[in-house]
Amino acid sequence: MEVGKSRWIVLRSISKAAIFFFIFAVGIPLVFGELAGLSSAQILTLITSTFLLQAASPPVGLAMGLSTPAILVILACFAIGIVLAILEICDSLAASSARVRRWVDNIEEKTRKYPQIQKYGPITCIGIAWIPGVGLYGTPIIAWILKWKRIPAAFFTVCGFVIAAFFVIFFASRIQEVLRFAGNFGVILLAVVSMLALGLSIGSLRLSDLGKDRVLLVLTLAANFIVMPVVGFFIAGSLNFADGIAAGFILIGCAAGSSVLPRLAEISKADIPLARCLALILSLFSVFLIPLMVPYLSPGISDNPLRLFLMLVVFMLIPLLSGLYVRRRKPVFAERWAPRMNKISVILLIVVIIAFWALYIRDLVSSAESGELAIVALAILAFILIGLGTGYILAGKKHLAGRVAAFGTAERNIPAAALISAFGIANHAILLLVLLTGLISLVLLHYLSKWIGSREEYPVT
């Protein structure tokens with residue numbers, strides 16, 4: 001008798017779930033579309049997209065030409081139908097399983113100690129509906145398990161879902177503005193954080209590490225500020241790139257000094273003190289030489305060297321000197337935060353790459369289809385390899401110093417180049433080239449340093 005009764009309850013709950021879903025999630029939106037002059041295909045496409053993407057589906061509606069109010073009405077009806085259907089399915093599950101009933105009763109007994117959960121719990125459905133992985137489908141299940149009042153829980157779940165959808169519509173209509181802001185702000189943070197990390201990582205200004213071999217210092221400076229700009233100029237001219245790409249190679253060639261050089265030296269088990277001092281000196285030289293060299297070699301980049309210089313001083317030189325000051329005054333704090341700042345700078349570089357590549361995705365796709373992107377990538381790879389070979393050869397027979405010189409010449413100052421290309425240049429092709437160079441060098445030099453380090457038995461500190 002009890003078995004038959006439970007089957008009847010299950011059948012009734014599942015039937016009610018199906019009715020709720022088809023009436024609210026499908027039927028009412030179709031009627032609404034008929035009254036608003038929308039086609040059934042548009043309505044059903046948006047419903048299907050919402051079923052799969054939940055609150056992320058509004059861009060599909062916008063792409064089909066639906067208005068914002070129409071999208072929100074359809075999504076609200078879908079949310080009502082799906083929430084009520086899920087609650088009924090949960091009831092059927094409890095009716096068919098004694099184990100589930102005992103589990104829910106056990107949870108209810110524990111939550112009685114906290115009456116605020118029952119009183120204010122349904123309101124929290126507004127926020128729970130925003131949680132990735134929970135969303136519209138998980139929120140009513142949580143409300144059912146905790147035995148929150150059904151109508152308030154359903155109401156606040158639908159409200160949270162509609163609010164989330166509205167925010168998606170807002171950002172989707174302004175996605176270019178959001179990506180541009182994220183990219184530009186990320187470039188500034190990248191420059192500041194990378195130079196701050198470099199300053200924090202240098203224990204003291206032991207320039208004697210370089211003074212012991214002035215020839216190596218002079219040759220490394222020549223490689224970075226004479227050879228590499230010439231290489232960039234030669235690549236830009238010989239491959240007949242467009243003006244933006246050509247100017248980008250020249251800019252990268254002039255931008256020396258990377259905050260990740262000490263890390264590359266550490267991984268490859270090279271001379272770490274030498275790498276720190278070299279990174280510092282190259283960064284300082286870049287602040288003063290880039291504004292003079294870049295406009296001369298490529299007049300289209302900027303006609304105001306003073307503006308470029310002030311930009312590098314504010315966002316690179318001052319953070320670098322601040323990091324050195326903090327390291328001297330609070331060495332324990334600096335020692336702890338230097339590695340973290342390096343990791344943050346890598347994350348920021350990835351964020352900037354994603355933001356600007358998404359912003360100019362059409363240009364990238366067009367370049368990929370024409371084959372130009374592959375040629376540019378190969379040119380960047382050749383540029384990096386030339387830098388590696390030049391630095392290593394100039395170091396002569398000094399094995400460990402050669403690694404530092406090689407990585408110091410190949411790894412360019414991407415934050416400085418990105419800063420100039422984002423705020424001192426109108427051509428976004430230069431910025432995309434700089435970011436592509438940053439990505440290729442980040443991957444290539446990291447794995448190369450790991451391979452070199454794996455062949456050494458003891459690191460040099």
# chains A, B, ... in the order shown; residues from 1 in each chain; ligands from 1
>>> residues_around(residues="stretch 230-234 of chain A", least_positions_apart="3", cutoff="8 Å", atoms="only C-alpha atoms", output="list in words")
Ile226, Val227, Gly237, Ser238, Ala246, Phe249, Ile250, Leu251, Ile252, Gly253, Leu297 and Phe383 of chain A
>>> residues_around(residues="stretch 305-320 of chain A", least_positions_apart="4", cutoff="7 Å", atoms="only C-alpha atoms", output="list in words")
Ile188, Ala191, Val192, Met195, Leu196, Leu198, Gly199, Val287, Phe288, Pro291, Leu292, Pro295, Leu324 and Ile420 of chain A
>>> closest_residue(among="A:Arg150, A:Arg214, A:Lys119, A:Arg412", to="A:Leu261", atoms="only C-alpha atoms")
A:Arg412
>>> residues_around(residues="A:Gly27", least_positions_apart="4", cutoff="12 Å", atoms="only C-alpha atoms", output="list in words")
Ala18, Ile19, Phe20, Phe21, Phe22, Ile23, Val31, Phe32, Gly33, Glu34, Ser40, Ile43, Leu44, Ile47, Ile74, Cys77, Phe78 and Gly81 of chain A
>>> write_last_selection(atoms="N, CA, C and O atoms", output="PDB file, in the first residue's frame")
ATOM      1  N   ALA A  18       6.877  18.728 -14.986  1.00  0.00           N
ATOM      2  CA  ALA A  18       6.782  18.877 -16.445  1.00  0.00           C
ATOM      3  C   ALA A  18       5.817  19.982 -16.825  1.00  0.00           C
ATOM      4  O   ALA A  18       6.073  20.784 -17.736  1.00  0.00           O
ATOM      5  N   ILE A  19       4.682  20.064 -16.096  1.00  0.00           N
ATOM      6  CA  ILE A  19       3.687  21.104 -16.379  1.00  0.00           C
ATOM      7  C   ILE A  19       4.264  22.482 -16.110  1.00  0.00           C
ATOM      8  O   ILE A  19       4.121  23.407 -16.928  1.00  0.00           O
ATOM      9  N   PHE A  20       4.918  22.647 -14.961  1.00  0.00           N
ATOM     10  CA  PHE A  20       5.527  23.937 -14.626  1.00  0.00           C
ATOM     11  C   PHE A  20       6.548  24.352 -15.682  1.00  0.00           C
ATOM     12  O   PHE A  20       6.584  25.513 -16.109  1.00  0.00           O
ATOM     13  N   PHE A  21       7.364  23.393 -16.112  1.00  0.00           N
ATOM     14  CA  PHE A  21       8.403  23.724 -17.074  1.00  0.00           C
ATOM     15  C   PHE A  21       7.806  24.155 -18.409  1.00  0.00           C
ATOM     16  O   PHE A  21       8.193  25.195 -18.960  1.00  0.00           O
ATOM     17  N   PHE A  22       6.863  23.380 -18.928  1.00  0.00           N
ATOM     18  CA  PHE A  22       6.323  23.692 -20.258  1.00  0.00           C
ATOM     19  C   PHE A  22       5.424  24.927 -20.248  1.00  0.00           C
ATOM     20  O   PHE A  22       5.370  25.650 -21.246  1.00  0.00           O
ATOM     21  N   ILE A  23       4.763  25.189 -19.134  1.00  0.00           N
ATOM     22  CA  ILE A  23       3.919  26.386 -19.079  1.00  0.00           C
ATOM     23  C   ILE A  23       4.767  27.644 -18.952  1.00  0.00           C
ATOM     24  O   ILE A  23       4.643  28.601 -19.739  1.00  0.00           O
ATOM     25  N   VAL A  31       3.946  32.676 -26.097  1.00  0.00           N
ATOM     26  CA  VAL A  31       2.812  33.606 -26.164  1.00  0.00           C
ATOM     27  C   VAL A  31       3.297  35.048 -26.154  1.00  0.00           C
ATOM     28  O   VAL A  31       2.825  35.895 -26.920  1.00  0.00           O
ATOM     29  N   PHE A  32       4.249  35.322 -25.292  1.00  0.00           N
ATOM     30  CA  PHE A  32       4.830  36.662 -25.235  1.00  0.00           C
ATOM     31  C   PHE A  32       5.456  37.043 -26.568  1.00  0.00           C
ATOM     32  O   PHE A  32       5.294  38.176 -27.054  1.00  0.00           O
ATOM     33  N   GLY A  33       6.185  36.109 -27.164  1.00  0.00           N
ATOM     34  CA  GLY A  33       6.802  36.391 -28.456  1.00  0.00           C
ATOM     35  C   GLY A  33       5.784  36.659 -29.539  1.00  0.00           C
ATOM     36  O   GLY A  33       5.984  37.529 -30.395  1.00  0.00           O
ATOM     37  N   GLU A  34       4.656  35.929 -29.496  1.00  0.00           N
ATOM     38  CA  GLU A  34       3.593  36.158 -30.471  1.00  0.00           C
ATOM     39  C   GLU A  34       3.008  37.554 -30.326  1.00  0.00           C
ATOM     40  O   GLU A  34       2.754  38.254 -31.314  1.00  0.00           O
ATOM     41  N   SER A  40       8.909  32.360 -33.338  1.00  0.00           N
ATOM     42  CA  SER A  40       9.055  31.217 -32.436  1.00  0.00           C
ATOM     43  C   SER A  40      10.483  30.686 -32.454  1.00  0.00           C
ATOM     44  O   SER A  40      10.992  30.205 -31.428  1.00  0.00           O
ATOM     45  N   ILE A  43      12.541  32.705 -30.013  1.00  0.00           N
ATOM     46  CA  ILE A  43      12.205  32.383 -28.623  1.00  0.00           C
ATOM     47  C   ILE A  43      12.802  31.040 -28.229  1.00  0.00           C
ATOM     48  O   ILE A  43      13.441  30.898 -27.177  1.00  0.00           O
ATOM     49  N   LEU A  44      12.616  30.027 -29.064  1.00  0.00           N
ATOM     50  CA  LEU A  44      13.106  28.687 -28.734  1.00  0.00           C
ATOM     51  C   LEU A  44      14.634  28.638 -28.721  1.00  0.00           C
ATOM     52  O   LEU A  44      15.229  27.908 -27.917  1.00  0.00           O
ATOM     53  N   ILE A  47      15.609  30.123 -25.423  1.00  0.00           N
ATOM     54  CA  ILE A  47      15.300  29.182 -24.338  1.00  0.00           C
ATOM     55  C   ILE A  47      16.341  28.069 -24.292  1.00  0.00           C
ATOM     56  O   ILE A  47      16.832  27.690 -23.219  1.00  0.00           O
ATOM     57  N   ILE A  74      11.742  36.730 -21.062  1.00  0.00           N
ATOM     58  CA  ILE A  74      11.856  35.315 -21.434  1.00  0.00           C
ATOM     59  C   ILE A  74      12.695  34.559 -20.415  1.00  0.00           C
ATOM     60  O   ILE A  74      12.342  33.452 -19.985  1.00  0.00           O
ATOM     61  N   CYS A  77      10.705  34.033 -17.146  1.00  0.00           N
ATOM     62  CA  CYS A  77       9.730  32.941 -17.278  1.00  0.00           C
ATOM     63  C   CYS A  77      10.424  31.588 -17.248  1.00  0.00           C
ATOM     64  O   CYS A  77       9.942  30.644 -16.591  1.00  0.00           O
ATOM     65  N   PHE A  78      11.549  31.494 -17.937  1.00  0.00           N
ATOM     66  CA  PHE A  78      12.305  30.235 -17.922  1.00  0.00           C
ATOM     67  C   PHE A  78      12.751  29.900 -16.508  1.00  0.00           C
ATOM     68  O   PHE A  78      12.667  28.740 -16.078  1.00  0.00           O
ATOM     69  N   GLY A  81       9.865  28.567 -14.353  1.00  0.00           N
ATOM     70  CA  GLY A  81       9.532  27.196 -14.720  1.00  0.00           C
ATOM     71  C   GLY A  81      10.555  26.187 -14.242  1.00  0.00           C
ATOM     72  O   GLY A  81      10.205  25.132 -13.704  1.00  0.00           O
TER      73      GLY A  81
END
>>> closest_residue(among="A:Cys254, A:Ala165, A:Val100, A:Leu146", to="A:Gln54", atoms="only C-alpha atoms")
A:Ala165
>>> residues_around(residues="A:Ile414", least_positions_apart="6", cutoff="8 Å", atoms="only C-alpha atoms", output="list in words")
Ile252, Ala255, Ser258, Val434, Leu435, Thr437 and Gly438 of chain A
>>> write_last_selection(atoms="C-alpha atoms", output="PDB file, in the first residue's frame")
ATOM      1  CA  ILE A 252      60.911  45.557 -28.767  1.00  0.00           C
ATOM      2  CA  ALA A 255      63.264  47.704 -24.730  1.00  0.00           C
ATOM      3  CA  SER A 258      63.339  42.239 -17.649  1.00  0.00           C
ATOM      4  CA  VAL A 434      54.517  43.260 -28.152  1.00  0.00           C
ATOM      5  CA  LEU A 435      52.086  40.961 -26.338  1.00  0.00           C
ATOM      6  CA  THR A 437      56.454  38.537 -28.149  1.00  0.00           C
ATOM      7  CA  GLY A 438      55.826  38.479 -24.414  1.00  0.00           C
TER       8      GLY A 438
END
>>> atom_distance(atom1="atom CA of A:Ile430", atom2="atom CA of A:Leu381")
16.5 Å
